[in-house]
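Listing of run-v7.json; format and content: JSON, C-alpha atoms.
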```
[["chain", "number", "residue", "atom", "x", "y", "z"],
["A", 1, "MET", "CA", 20.45, 24.25, -17.21],
["A", 2, "THR", "CA", 22.49, 26.90, -15.37],
["A", 3, "THR", "CA", 25.78, 26.18, -13.61],
["A", 4, "GLN", "CA", 24.21, 26.86, -10.20],
["A", 5, "THR", "CA", 21.39, 24.38, -10.87],
["A", 6, "TRP", "CA", 23.85, 21.73, -12.05],
["A", 7, "GLN", "CA", 26.05, 22.25, -8.99],
["A", 8, "ARG", "CA", 23.02, 22.05, -6.69],
["A", 9, "GLN", "CA", 21.88, 18.78, -8.26],
["A", 10, "LEU", "CA", 25.41, 17.37, -8.06],
["A", 11, "ARG", "CA", 25.64, 18.24, -4.36],
["A", 12, "GLY", "CA", 22.25, 16.64, -3.76],
["A", 13, "GLN", "CA", 23.30, 13.44, -5.54],
["A", 14, "THR", "CA", 26.61, 13.34, -3.64],
["A", 15, "THR", "CA", 24.82, 13.79, -0.33],
["A", 16, "GLY", "CA", 22.34, 11.05, -1.22],
["A", 17, "ALA", "CA", 25.12, 8.65, -2.22],
["A", 18, "THR", "CA", 26.98, 9.37, 1.01],
["A", 19, "ALA", "CA", 23.85, 8.73, 3.06],
["A", 20, "ILE", "CA", 23.25, 5.41, 1.28],
["A", 21, "LEU", "CA", 26.87, 4.34, 1.80],
["A", 22, "ALA", "CA", 26.74, 5.28, 5.49],
["A", 23, "ALA", "CA", 23.49, 3.33, 5.96],
["A", 24, "LEU", "CA", 24.95, 0.30, 4.18],
["A", 25, "LEU", "CA", 28.10, 0.34, 6.32],
["A", 26, "THR", "CA", 26.00, 0.68, 9.47],
["A", 27, "VAL", "CA", 23.87, -2.34, 8.51],
["A", 28, "LEU", "CA", 26.93, -4.43, 7.66],
["A", 29, "ALA", "CA", 28.63, -3.46, 10.92],
["A", 30, "GLY", "CA", 25.51, -4.32, 12.92],
["A", 31, "TRP", "CA", 25.19, -7.64, 11.06],
["A", 32, "GLN", "CA", 28.84, -8.51, 11.75],
["A", 33, "LEU", "CA", 28.38, -7.63, 15.42],
["A", 34, "ALA", "CA", 25.36, -9.94, 15.58],
["A", 35, "VAL", "CA", 27.47, -12.71, 14.00],
["A", 36, "ALA", "CA", 30.19, -12.20, 16.59],
["A", 37, "VAL", "CA", 27.79, -12.10, 19.54],
["A", 38, "GLY", "CA", 25.17, -14.66, 18.44],
["A", 39, "ASN", "CA", 26.06, -18.27, 17.84],
["A", 40, "ARG", "CA", 23.43, -18.92, 15.15],
["A", 41, "VAL", "CA", 23.50, -15.76, 13.05],
["A", 42, "PRO", "CA", 25.02, -16.56, 9.62],
["A", 43, "SER", "CA", 27.60, -14.19, 8.21],
["A", 44, "VAL", "CA", 27.06, -11.96, 5.20],
["A", 45, "ALA", "CA", 29.26, -14.23, 3.07],
["A", 46, "VAL", "CA", 27.31, -17.37, 4.03],
["A", 47, "THR", "CA", 23.98, -15.63, 3.35],
["A", 48, "ILE", "CA", 25.09, -14.42, -0.08],
["A", 49, "GLU", "CA", 26.45, -17.88, -0.85],
["A", 50, "ARG", "CA", 23.04, -19.36, -0.06],
["A", 51, "LEU", "CA", 21.42, -16.77, -2.31],
["A", 52, "GLY", "CA", 23.80, -17.81, -5.09],
["A", 53, "SER", "CA", 22.83, -21.45, -4.66],
["A", 54, "GLU", "CA", 19.15, -20.47, -4.83],
["A", 55, "SER", "CA", 19.84, -18.67, -8.10],
["A", 56, "ALA", "CA", 21.75, -21.67, -9.48],
["A", 57, "ALA", "CA", 18.83, -23.94, -8.57],
["A", 58, "GLY", "CA", 16.42, -21.69, -10.48],
["A", 59, "GLU", "CA", 14.47, -20.69, -7.38],
["A", 60, "LEU", "CA", 15.54, -17.05, -7.13],
["A", 61, "TRP", "CA", 14.32, -15.55, -10.40],
["A", 62, "HIS", "CA", 11.31, -17.85, -10.71],
["A", 63, "ASN", "CA", 9.86, -16.95, -7.31],
["A", 64, "LEU", "CA", 10.90, -13.32, -7.66],
["A", 65, "ALA", "CA", 9.03, -13.00, -10.96],
["A", 66, "ILE", "CA", 5.91, -14.55, -9.41],
["A", 67, "SER", "CA", 6.00, -12.16, -6.46],
["A", 68, "MET", "CA", 6.56, -9.12, -8.66],
["A", 69, "ASN", "CA", 3.61, -10.04, -10.91],
["A", 70, "ARG", "CA", 1.34, -10.33, -7.88],
["A", 71, "PHE", "CA", 2.66, -7.11, -6.39],
["A", 72, "VAL", "CA", 2.34, -5.01, -9.54],
["A", 73, "LEU", "CA", -1.21, -6.23, -10.15],
["A", 74, "GLY", "CA", -2.38, -5.53, -6.58],
["A", 75, "LEU", "CA", -0.58, -2.19, -6.35],
["A", 76, "ALA", "CA", -1.90, -0.96, -9.71],
["A", 77, "ALA", "CA", -5.44, -1.73, -8.57],
["A", 78, "ALA", "CA", -4.82, 0.05, -5.25],
["A", 79, "LEU", "CA", -3.44, 3.16, -6.99],
["A", 80, "VAL", "CA", -6.33, 3.40, -9.47],
["A", 81, "VAL", "CA", -9.12, 2.77, -6.96],
["A", 82, "GLY", "CA", -7.39, 4.86, -4.28],
["A", 83, "ALA", "CA", -6.90, 7.80, -6.63],
["A", 84, "VAL", "CA", -10.57, 7.78, -7.64],
["A", 85, "LEU", "CA", -11.78, 7.53, -4.04],
["A", 86, "GLY", "CA", -9.27, 10.11, -2.83],
["A", 87, "VAL", "CA", -10.25, 12.73, -5.41],
["A", 88, "LEU", "CA", -13.92, 12.00, -4.78],
["A", 89, "MET", "CA", -13.50, 12.44, -1.03],
["A", 90, "GLY", "CA", -11.53, 15.63, -1.56],
["A", 91, "LEU", "CA", -14.17, 17.20, -3.79],
["A", 92, "SER", "CA", -17.37, 15.85, -2.25],
["A", 93, "ARG", "CA", -18.44, 16.30, 1.36],
["A", 94, "VAL", "CA", -20.88, 13.40, 1.06],
["A", 95, "ALA", "CA", -18.18, 11.04, -0.21],
["A", 96, "ASP", "CA", -15.84, 12.20, 2.54],
["A", 97, "LEU", "CA", -18.43, 11.37, 5.21],
["A", 98, "ALA", "CA", -19.17, 8.02, 3.56],
["A", 99, "PHE", "CA", -15.59, 6.78, 3.28],
["A", 100, "SER", "CA", -13.53, 8.59, 5.93],
["A", 101, "ASP", "CA", -14.36, 6.20, 8.78],
["A", 102, "LEU", "CA", -13.80, 3.15, 6.60],
["A", 103, "THR", "CA", -10.44, 4.51, 5.50],
["A", 104, "ALA", "CA", -9.40, 5.22, 9.09],
["A", 105, "ALA", "CA", -10.38, 1.69, 10.10],
["A", 106, "ALA", "CA", -8.43, 0.23, 7.17],
["A", 107, "LEU", "CA", -5.35, 2.23, 8.17],
["A", 108, "ALA", "CA", -5.52, 0.71, 11.64],
["A", 109, "ILE", "CA", -5.51, -2.87, 10.31],
["A", 110, "PRO", "CA", -1.95, -4.26, 10.00],
["A", 111, "ALA", "CA", -0.86, -6.16, 6.91],
["A", 112, "VAL", "CA", -0.67, -9.44, 8.82],
["A", 113, "ILE", "CA", -4.43, -9.28, 9.49],
["A", 114, "TRP", "CA", -5.16, -8.75, 5.80],
["A", 115, "ALA", "CA", -2.89, -11.68, 4.96],
["A", 116, "LEU", "CA", -4.66, -13.98, 7.39],
["A", 117, "LEU", "CA", -8.12, -12.85, 6.26],
["A", 118, "THR", "CA", -7.40, -13.28, 2.56],
["A", 119, "THR", "CA", -5.90, -16.71, 3.20],
["A", 120, "MET", "CA", -9.14, -17.76, 4.90],
["A", 121, "TRP", "CA", -11.25, -16.15, 2.17],
["A", 122, "PHE", "CA", -9.43, -17.32, -0.96],
["A", 123, "GLY", "CA", -7.19, -20.18, 0.20],
["A", 124, "PHE", "CA", -3.87, -21.01, -1.42],
["A", 125, "GLY", "CA", -3.77, -19.32, -4.79],
["A", 126, "TRP", "CA", -2.78, -16.22, -6.74],
["A", 127, "LEU", "CA", -5.76, -14.20, -5.49],
["A", 128, "THR", "CA", -4.66, -14.23, -1.84],
["A", 129, "PRO", "CA", -1.42, -12.21, -2.25],
["A", 130, "VAL", "CA", -2.94, -9.91, -4.91],
["A", 131, "VAL", "CA", -5.91, -8.96, -2.72],
["A", 132, "THR", "CA", -3.62, -8.57, 0.31],
["A", 133, "VAL", "CA", -1.42, -6.14, -1.63],
["A", 134, "PHE", "CA", -4.52, -4.24, -2.76],
["A", 135, "LEU", "CA", -6.04, -3.97, 0.73],
["A", 136, "SER", "CA", -2.72, -3.12, 2.40],
["A", 137, "GLY", "CA", -1.91, -0.27, 0.05],
["A", 138, "LEU", "CA", -5.37, 1.17, -0.69],
["A", 139, "PRO", "CA", -5.99, 3.25, 2.48],
["A", 140, "PHE", "CA", -2.63, 5.03, 2.21],
["A", 141, "VAL", "CA", -3.41, 6.10, -1.35],
["A", 142, "VAL", "CA", -6.90, 7.29, -0.43],
["A", 143, "VAL", "CA", -5.77, 9.34, 2.58],
["A", 144, "ASN", "CA", -2.87, 11.10, 0.86],
["A", 145, "ILE", "CA", -4.74, 11.96, -2.33],
["A", 146, "ALA", "CA", -7.86, 13.09, -0.46],
["A", 147, "LYS", "CA", -5.74, 15.40, 1.69],
["A", 148, "ALA", "CA", -4.00, 16.86, -1.36],
["A", 149, "THR", "CA", -7.30, 17.33, -3.18],
["A", 150, "ARG", "CA", -8.78, 19.23, -0.22],
["A", 151, "ALA", "CA", -5.75, 21.55, -0.34],
["A", 152, "VAL", "CA", -6.62, 22.70, -3.87],
["A", 153, "PRO", "CA", -8.07, 26.24, -3.55],
["A", 154, "ALA", "CA", -11.85, 25.97, -3.73],
["A", 155, "ASP", "CA", -12.06, 29.42, -5.36],
["A", 156, "LEU", "CA", -9.95, 28.19, -8.26],
["A", 157, "ILE", "CA", -12.28, 25.27, -8.91],
["A", 158, "LEU", "CA", -15.38, 27.45, -8.55],
["A", 159, "MET", "CA", -13.96, 29.99, -10.97],
["A", 160, "ALA", "CA", -13.23, 27.30, -13.54],
["A", 161, "ARG", "CA", -16.78, 25.97, -13.22],
["A", 162, "SER", "CA", -18.27, 29.45, -13.48],
["A", 163, "PHE", "CA", -16.53, 29.86, -16.83],
["A", 164, "GLY", "CA", -17.99, 26.57, -18.02],
["A", 165, "VAL", "CA", -14.79, 24.55, -17.88],
["A", 166, "PRO", "CA", -15.71, 20.84, -18.19],
["A", 167, "GLN", "CA", -15.24, 18.70, -15.09],
["A", 168, "ALA", "CA", -12.74, 16.45, -16.87],
["A", 169, "ARG", "CA", -10.57, 19.45, -17.72],
["A", 170, "VAL", "CA", -10.76, 20.73, -14.13],
["A", 171, "LEU", "CA", -9.53, 17.39, -12.90],
["A", 172, "ARG", "CA", -6.81, 17.19, -15.53],
["A", 173, "GLU", "CA", -5.44, 20.74, -15.39],
["A", 174, "ILE", "CA", -6.16, 21.88, -11.82],
["A", 175, "VAL", "CA", -6.55, 18.91, -9.52],
["A", 176, "ALA", "CA", -4.04, 16.51, -11.10],
["A", 177, "PRO", "CA", -1.01, 18.87, -10.99],
["A", 178, "ALA", "CA", -1.85, 19.84, -7.41],
["A", 179, "VAL", "CA", -1.93, 16.23, -6.19],
["A", 180, "ALA", "CA", 1.04, 14.97, -8.25],
["A", 181, "GLY", "CA", 3.54, 15.21, -5.40],
["A", 182, "SER", "CA", 1.15, 13.67, -2.91],
["A", 183, "THR", "CA", 0.43, 10.85, -5.35],
["A", 184, "VAL", "CA", 4.08, 9.85, -5.27],
["A", 185, "ALA", "CA", 4.08, 10.04, -1.47],
["A", 186, "ALA", "CA", 0.93, 7.92, -1.44],
["A", 187, "ALA", "CA", 2.60, 5.38, -3.71],
["A", 188, "ARG", "CA", 5.63, 5.26, -1.43],
["A", 189, "PHE", "CA", 3.55, 4.53, 1.68],
["A", 190, "ALA", "CA", 1.39, 2.07, -0.25],
["A", 191, "ILE", "CA", 4.43, 0.21, -1.55],
["A", 192, "MET", "CA", 5.90, -0.14, 1.94],
["A", 193, "SER", "CA", 2.70, -1.55, 3.40],
["A", 194, "ALA", "CA", 1.73, -3.62, 0.34],
["A", 195, "TRP", "CA", 5.18, -5.17, 0.04],
["A", 196, "ASN", "CA", 4.97, -6.33, 3.65],
["A", 197, "GLY", "CA", 1.47, -7.63, 2.96],
["A", 198, "LEU", "CA", 2.77, -9.58, -0.03],
["A", 199, "LEU", "CA", 5.45, -11.29, 2.05],
["A", 200, "LEU", "CA", 2.95, -12.23, 4.74],
["A", 201, "ALA", "CA", 0.32, -13.42, 2.26],
["A", 202, "GLU", "CA", 2.87, -15.64, 0.52],
["A", 203, "TRP", "CA", 4.09, -16.85, 3.91],
["A", 204, "PHE", "CA", 0.61, -17.95, 5.02],
["A", 205, "GLY", "CA", -1.34, -18.53, 1.82],
["A", 206, "ALA", "CA", 0.87, -19.37, -1.16],
["A", 207, "THR", "CA", 3.02, -22.16, -2.52],
["A", 208, "SER", "CA", 5.37, -19.92, -4.49],
["A", 209, "GLY", "CA", 6.96, -16.49, -4.28],
["A", 210, "VAL", "CA", 9.51, -14.72, -2.11],
["A", 211, "GLY", "CA", 7.49, -15.04, 1.10],
["A", 212, "TRP", "CA", 6.82, -18.74, 0.51],
["A", 213, "ARG", "CA", 10.50, -19.42, -0.13],
["A", 214, "ALA", "CA", 11.48, -17.56, 3.05],
["A", 215, "ARG", "CA", 9.06, -19.74, 5.01],
["A", 216, "TYR", "CA", 10.46, -22.85, 3.32],
["A", 217, "TRP", "CA", 13.88, -22.18, 4.83],
["A", 218, "TYR", "CA", 12.35, -21.08, 8.12],
["A", 219, "ASP", "CA", 10.50, -24.38, 8.43],
["A", 220, "ALA", "CA", 13.73, -26.18, 7.52],
["A", 221, "ASN", "CA", 15.46, -24.32, 10.39],
["A", 222, "GLN", "CA", 18.06, -22.94, 7.98],
["A", 223, "LEU", "CA", 18.64, -19.36, 9.02],
["A", 224, "ASP", "CA", 21.00, -18.58, 6.15],
["A", 225, "GLY", "CA", 18.31, -19.43, 3.58],
["A", 226, "PHE", "CA", 15.70, -17.45, 5.50],
["A", 227, "LEU", "CA", 17.96, -14.39, 5.76],
["A", 228, "ALA", "CA", 18.91, -14.67, 2.09],
["A", 229, "TRP", "CA", 15.28, -14.24, 1.04],
["A", 230, "VAL", "CA", 14.66, -11.52, 3.60],
["A", 231, "LEU", "CA", 17.67, -9.73, 2.12],
["A", 232, "VAL", "CA", 16.09, -9.98, -1.36],
["A", 233, "PHE", "CA", 12.86, -8.60, 0.05],
["A", 234, "ILE", "CA", 14.59, -5.59, 1.65],
["A", 235, "LEU", "CA", 16.87, -4.84, -1.30],
["A", 236, "LEU", "CA", 13.95, -4.75, -3.73],
["A", 237, "LEU", "CA", 12.16, -2.24, -1.54],
["A", 238, "ILE", "CA", 15.24, -0.02, -1.29],
["A", 239, "VAL", "CA", 15.99, -0.19, -5.02],
["A", 240, "ALA", "CA", 12.38, 0.68, -5.89],
["A", 241, "ASP", "CA", 12.47, 3.68, -3.58],
["A", 242, "LEU", "CA", 15.84, 4.99, -4.80],
["A", 243, "LEU", "CA", 15.69, 4.27, -8.53],
["A", 244, "ILE", "CA", 11.96, 4.57, -9.29],
["A", 245, "LEU", "CA", 10.03, 6.57, -6.70],
["A", 246, "GLY", "CA", 12.81, 9.07, -5.97],
["A", 247, "PRO", "CA", 13.24, 10.26, -9.59],
["A", 248, "ILE", "CA", 9.46, 10.28, -10.12],
["A", 249, "GLU", "CA", 8.95, 12.41, -7.02],
["A", 250, "ARG", "CA", 11.65, 14.87, -8.09],
["A", 251, "PHE", "CA", 10.04, 15.14, -11.52],
["A", 252, "ALA", "CA", 6.55, 15.62, -10.10],
["A", 253, "THR", "CA", 7.71, 18.34, -7.68],
["A", 254, "ARG", "CA", 10.29, 19.98, -9.94],
["A", 255, "TRP", "CA", 8.28, 23.22, -9.91],
["A", 256, "ARG", "CA", 9.22, 23.75, -6.24],
["A", 257, "SER", "CA", 12.88, 24.38, -7.15],
["A", 258, "VAL", "CA", 12.12, 26.71, -10.06]]
```

Produce structure tokens that represent the structure in this file.
Amino acid sequence: MTTQTWQRQLRGQTTGATAILAALLTVLAGWQLAVAVGNRVPSVAVTIERLGSESAAGELWHNLAISMNRFVLGLAAALVVGAVLGVLMGLSRVADLAFSDLTAAALAIPAVIWALLTTMWFGFGWLTPVVTVFLSGLPFVVVNIAKATRAVPADLILMARSFGVPQARVLREIVAPAVAGSTVAAARFAIMSAWNGLLLAEWFGATSGVGWRARYWYDANQLDGFLAWVLVFILLLIVADLLILGPIERFATRWRSV
């Protein structure tokens, strides 16, 4: 690694850390202002104290583990099925015509509708949040990967086929590298939507998990408990984006800085 590359990466990391710190300070200042103005908004200290009591009672990690299992299962299914459909739509005109309208309709449906529908379909159980996560994230994966697949030069694919390159190798060595960056972007959008769907599904159709616990305190009219679980929900999303998706995206698109 050259000195210039190292310095550029260091400046990028410093800028990112500064942006995160500025955003955190802005949120804390806004929260404190809401505490000063509103008469029912709990302070940061009270909210964190409630979160500590939830951890001491064994509710925090238990419900968090349940939610993460549901989320990972639904998201993995959405990524696999979405990738297959996206590549198929990008390479086949017939598949594009067959699925494009359905995908557009699915994009227009908010996560709360999926949560309500799955609750009515499957009742209170593990399947409701898993299917909600799957349906909330799937259209974003399909759209982004289909768009990236269409951007692959058709002449390159035709040339590979004319030389007798197997279809599996075309997908692996031509299509896959071209859609790698878009796959990460698709995962990011899918995670945002699916995570919201998980919270709503657990709110309406579960008896465990982060969303269920947030509703528990909401029904008890305890705003500090409700905000404590909302804070967990938001922090997990931010951590996943910064520590998992960010590095993966930089690795997948590292060729752009070469």

Problem set entry | Distance in Å - CA of Leu138 in chain A versus CA of Gly82 in chain A | 5.5 Å

Problem set entry | Pick from A:Ala83, A:Leu117, A:Ala45, A:Leu200 nearest to Phe140 in chain A, counting all atoms listed in the file | A:Ala83

Exercise. Which residue, A:Gly197, A:Gly90, A:Pro42, A:Gly137, has the smallest gap to Ile113 in chain A when you use all atoms listed in the file?
Worked result: A:Gly197

Problem set entry | Between CA of Leu171 in chain A and CA of Val131 in chain A, distance in Å (one decimal) |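 It comes out at 28.5 Å.
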
Problem set entry | Pick from A:Ile48, A:Val152, A:Val27, A:Val230 nearest to Val87 in chain A, counting only C-alpha atoms |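 Ranked by minimum distance to Val87 in chain A, first place goes to A:Val152.
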
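The two atoms in question, CA of Gly225 in chain A and CA of Leu135 in chain A, are spaced 29.0 Å apart.
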
Problem set entry | Pick from A:Val142, A:Val179, A:Val133, A:Met68 nearest to Leu102 in chain A, counting all atoms listed in the file | A:Val142

Exercise. Which polymer residues have any atom within 8 Å of an atom of Thr118 in chain A, counting only C-alpha atoms, with same-chain residues fewer than 3 positions away left out, as a list in words?
Worked result: Trp114, Ala115, Trp121, Phe122, Gly123, Thr128, Pro129, Val131, Thr132 and Ala201 of chain A

Show me, as CSV, the residues of range 19-126 of chain A having an atom within 12 Å of range 184-190 of chain A, each with the closest atom pair and its distance in Å, using only C-alpha atoms.
```
residue,atom,partner,partner_atom,distance
A:Phe71,CA,A:Ala190,CA,11.1
A:Val72,CA,A:Ala190,CA,11.7
A:Gly74,CA,A:Ala190,CA,10.6
A:Leu75,CA,A:Ala190,CA,7.7
A:Ala76,CA,A:Ala187,CA,9.8
A:Ala77,CA,A:Ala190,CA,11.4
A:Ala78,CA,A:Ala190,CA,8.2
A:Leu79,CA,A:Ala187,CA,7.2
A:Val80,CA,A:Ala187,CA,10.8
A:Gly82,CA,A:Ala186,CA,9.3
A:Ala83,CA,A:Ala186,CA,9.4
A:Gly86,CA,A:Ala186,CA,10.5
A:Leu107,CA,A:Ala190,CA,10.8
A:Ala111,CA,A:Ala190,CA,11.1
```

Using C-alpha atoms, can you export the residues from the last selection as a compact mmCIF listing (two decimals), keeping the file's coordinate frame?
```
# COMPACT_ATOMS: atom_id res chain seq x y z
CA PHE A 71 2.66 -7.11 -6.39
CA VAL A 72 2.34 -5.01 -9.54
CA GLY A 74 -2.38 -5.53 -6.58
CA LEU A 75 -0.58 -2.19 -6.35
CA ALA A 76 -1.90 -0.96 -9.71
CA ALA A 77 -5.44 -1.73 -8.57
CA ALA A 78 -4.82 0.05 -5.25
CA LEU A 79 -3.44 3.16 -6.99
CA VAL A 80 -6.33 3.40 -9.47
CA GLY A 82 -7.39 4.86 -4.28
CA ALA A 83 -6.90 7.80 -6.63
CA GLY A 86 -9.27 10.11 -2.83
CA LEU A 107 -5.35 2.23 8.17
CA ALA A 111 -0.86 -6.16 6.91
```

For this session: Could you check which of A:Asn221, A:Thr47, A:Thr149, A:Thr103 is closest to Val35 in chain A, using only C-alpha atoms?
Result: A:Thr47

As a PDB file with C-alpha atoms, in the coordinates of the input, please: the residues near range 206-216 of chain A (cut-off 12 Å, all atoms listed in the file, same-chain neighbours under 2 positions excluded).
```pdb
ATOM      1  CA  LEU A  51      21.420 -16.770  -2.310  1.00  0.00           C
ATOM      2  CA  GLU A  54      19.150 -20.470  -4.830  1.00  0.00           C
ATOM      3  CA  GLU A  59      14.470 -20.690  -7.380  1.00  0.00           C
ATOM      4  CA  LEU A  60      15.540 -17.050  -7.130  1.00  0.00           C
ATOM      5  CA  TRP A  61      14.320 -15.550 -10.400  1.00  0.00           C
ATOM      6  CA  HIS A  62      11.310 -17.850 -10.710  1.00  0.00           C
ATOM      7  CA  ASN A  63       9.860 -16.950  -7.310  1.00  0.00           C
ATOM      8  CA  LEU A  64      10.900 -13.320  -7.660  1.00  0.00           C
ATOM      9  CA  ALA A  65       9.030 -13.000 -10.960  1.00  0.00           C
ATOM     10  CA  ILE A  66       5.910 -14.550  -9.410  1.00  0.00           C
ATOM     11  CA  SER A  67       6.000 -12.160  -6.460  1.00  0.00           C
ATOM     12  CA  MET A  68       6.560  -9.120  -8.660  1.00  0.00           C
ATOM     13  CA  ASN A  69       3.610 -10.040 -10.910  1.00  0.00           C
ATOM     14  CA  ARG A  70       1.340 -10.330  -7.880  1.00  0.00           C
ATOM     15  CA  PHE A  71       2.660  -7.110  -6.390  1.00  0.00           C
ATOM     16  CA  ALA A 115      -2.890 -11.680   4.960  1.00  0.00           C
ATOM     17  CA  LEU A 116      -4.660 -13.980   7.390  1.00  0.00           C
ATOM     18  CA  THR A 118      -7.400 -13.280   2.560  1.00  0.00           C
ATOM     19  CA  THR A 119      -5.900 -16.710   3.200  1.00  0.00           C
ATOM     20  CA  MET A 120      -9.140 -17.760   4.900  1.00  0.00           C
ATOM     21  CA  PHE A 122      -9.430 -17.320  -0.960  1.00  0.00           C
ATOM     22  CA  GLY A 123      -7.190 -20.180   0.200  1.00  0.00           C
ATOM     23  CA  PHE A 124      -3.870 -21.010  -1.420  1.00  0.00           C
ATOM     24  CA  GLY A 125      -3.770 -19.320  -4.790  1.00  0.00           C
ATOM     25  CA  TRP A 126      -2.780 -16.220  -6.740  1.00  0.00           C
ATOM     26  CA  LEU A 127      -5.760 -14.200  -5.490  1.00  0.00           C
ATOM     27  CA  THR A 128      -4.660 -14.230  -1.840  1.00  0.00           C
ATOM     28  CA  PRO A 129      -1.420 -12.210  -2.250  1.00  0.00           C
ATOM     29  CA  VAL A 130      -2.940  -9.910  -4.910  1.00  0.00           C
ATOM     30  CA  THR A 132      -3.620  -8.570   0.310  1.00  0.00           C
ATOM     31  CA  TRP A 195       5.180  -5.170   0.040  1.00  0.00           C
ATOM     32  CA  ASN A 196       4.970  -6.330   3.650  1.00  0.00           C
ATOM     33  CA  GLY A 197       1.470  -7.630   2.960  1.00  0.00           C
ATOM     34  CA  LEU A 198       2.770  -9.580  -0.030  1.00  0.00           C
ATOM     35  CA  LEU A 199       5.450 -11.290   2.050  1.00  0.00           C
ATOM     36  CA  LEU A 200       2.950 -12.230   4.740  1.00  0.00           C
ATOM     37  CA  ALA A 201       0.320 -13.420   2.260  1.00  0.00           C
ATOM     38  CA  GLU A 202       2.870 -15.640   0.520  1.00  0.00           C
ATOM     39  CA  TRP A 203       4.090 -16.850   3.910  1.00  0.00           C
ATOM     40  CA  PHE A 204       0.610 -17.950   5.020  1.00  0.00           C
ATOM     41  CA  TYR A 218      12.350 -21.080   8.120  1.00  0.00           C
ATOM     42  CA  ASP A 219      10.500 -24.380   8.430  1.00  0.00           C
ATOM     43  CA  ALA A 220      13.730 -26.180   7.520  1.00  0.00           C
ATOM     44  CA  ASN A 221      15.460 -24.320  10.390  1.00  0.00           C
ATOM     45  CA  GLN A 222      18.060 -22.940   7.980  1.00  0.00           C
ATOM     46  CA  LEU A 223      18.640 -19.360   9.020  1.00  0.00           C
ATOM     47  CA  ASP A 224      21.000 -18.580   6.150  1.00  0.00           C
ATOM     48  CA  GLY A 225      18.310 -19.430   3.580  1.00  0.00           C
ATOM     49  CA  PHE A 226      15.700 -17.450   5.500  1.00  0.00           C
ATOM     50  CA  LEU A 227      17.960 -14.390   5.760  1.00  0.00           C
ATOM     51  CA  ALA A 228      18.910 -14.670   2.090  1.00  0.00           C
ATOM     52  CA  TRP A 229      15.280 -14.240   1.040  1.00  0.00           C
ATOM     53  CA  VAL A 230      14.660 -11.520   3.600  1.00  0.00           C
ATOM     54  CA  LEU A 231      17.670  -9.730   2.120  1.00  0.00           C
ATOM     55  CA  VAL A 232      16.090  -9.980  -1.360  1.00  0.00           C
ATOM     56  CA  PHE A 233      12.860  -8.600   0.050  1.00  0.00           C
ATOM     57  CA  ILE A 234      14.590  -5.590   1.650  1.00  0.00           C
ATOM     58  CA  LEU A 236      13.950  -4.750  -3.730  1.00  0.00           C
TER      59      LEU A 236
END
```

For this session: Determine the nearest neighbour of Ile145 in chain A from the options A:Gly30, A:Ser193, A:Arg169, A:Leu88, counting only C-alpha atoms.
Result: A:Leu88
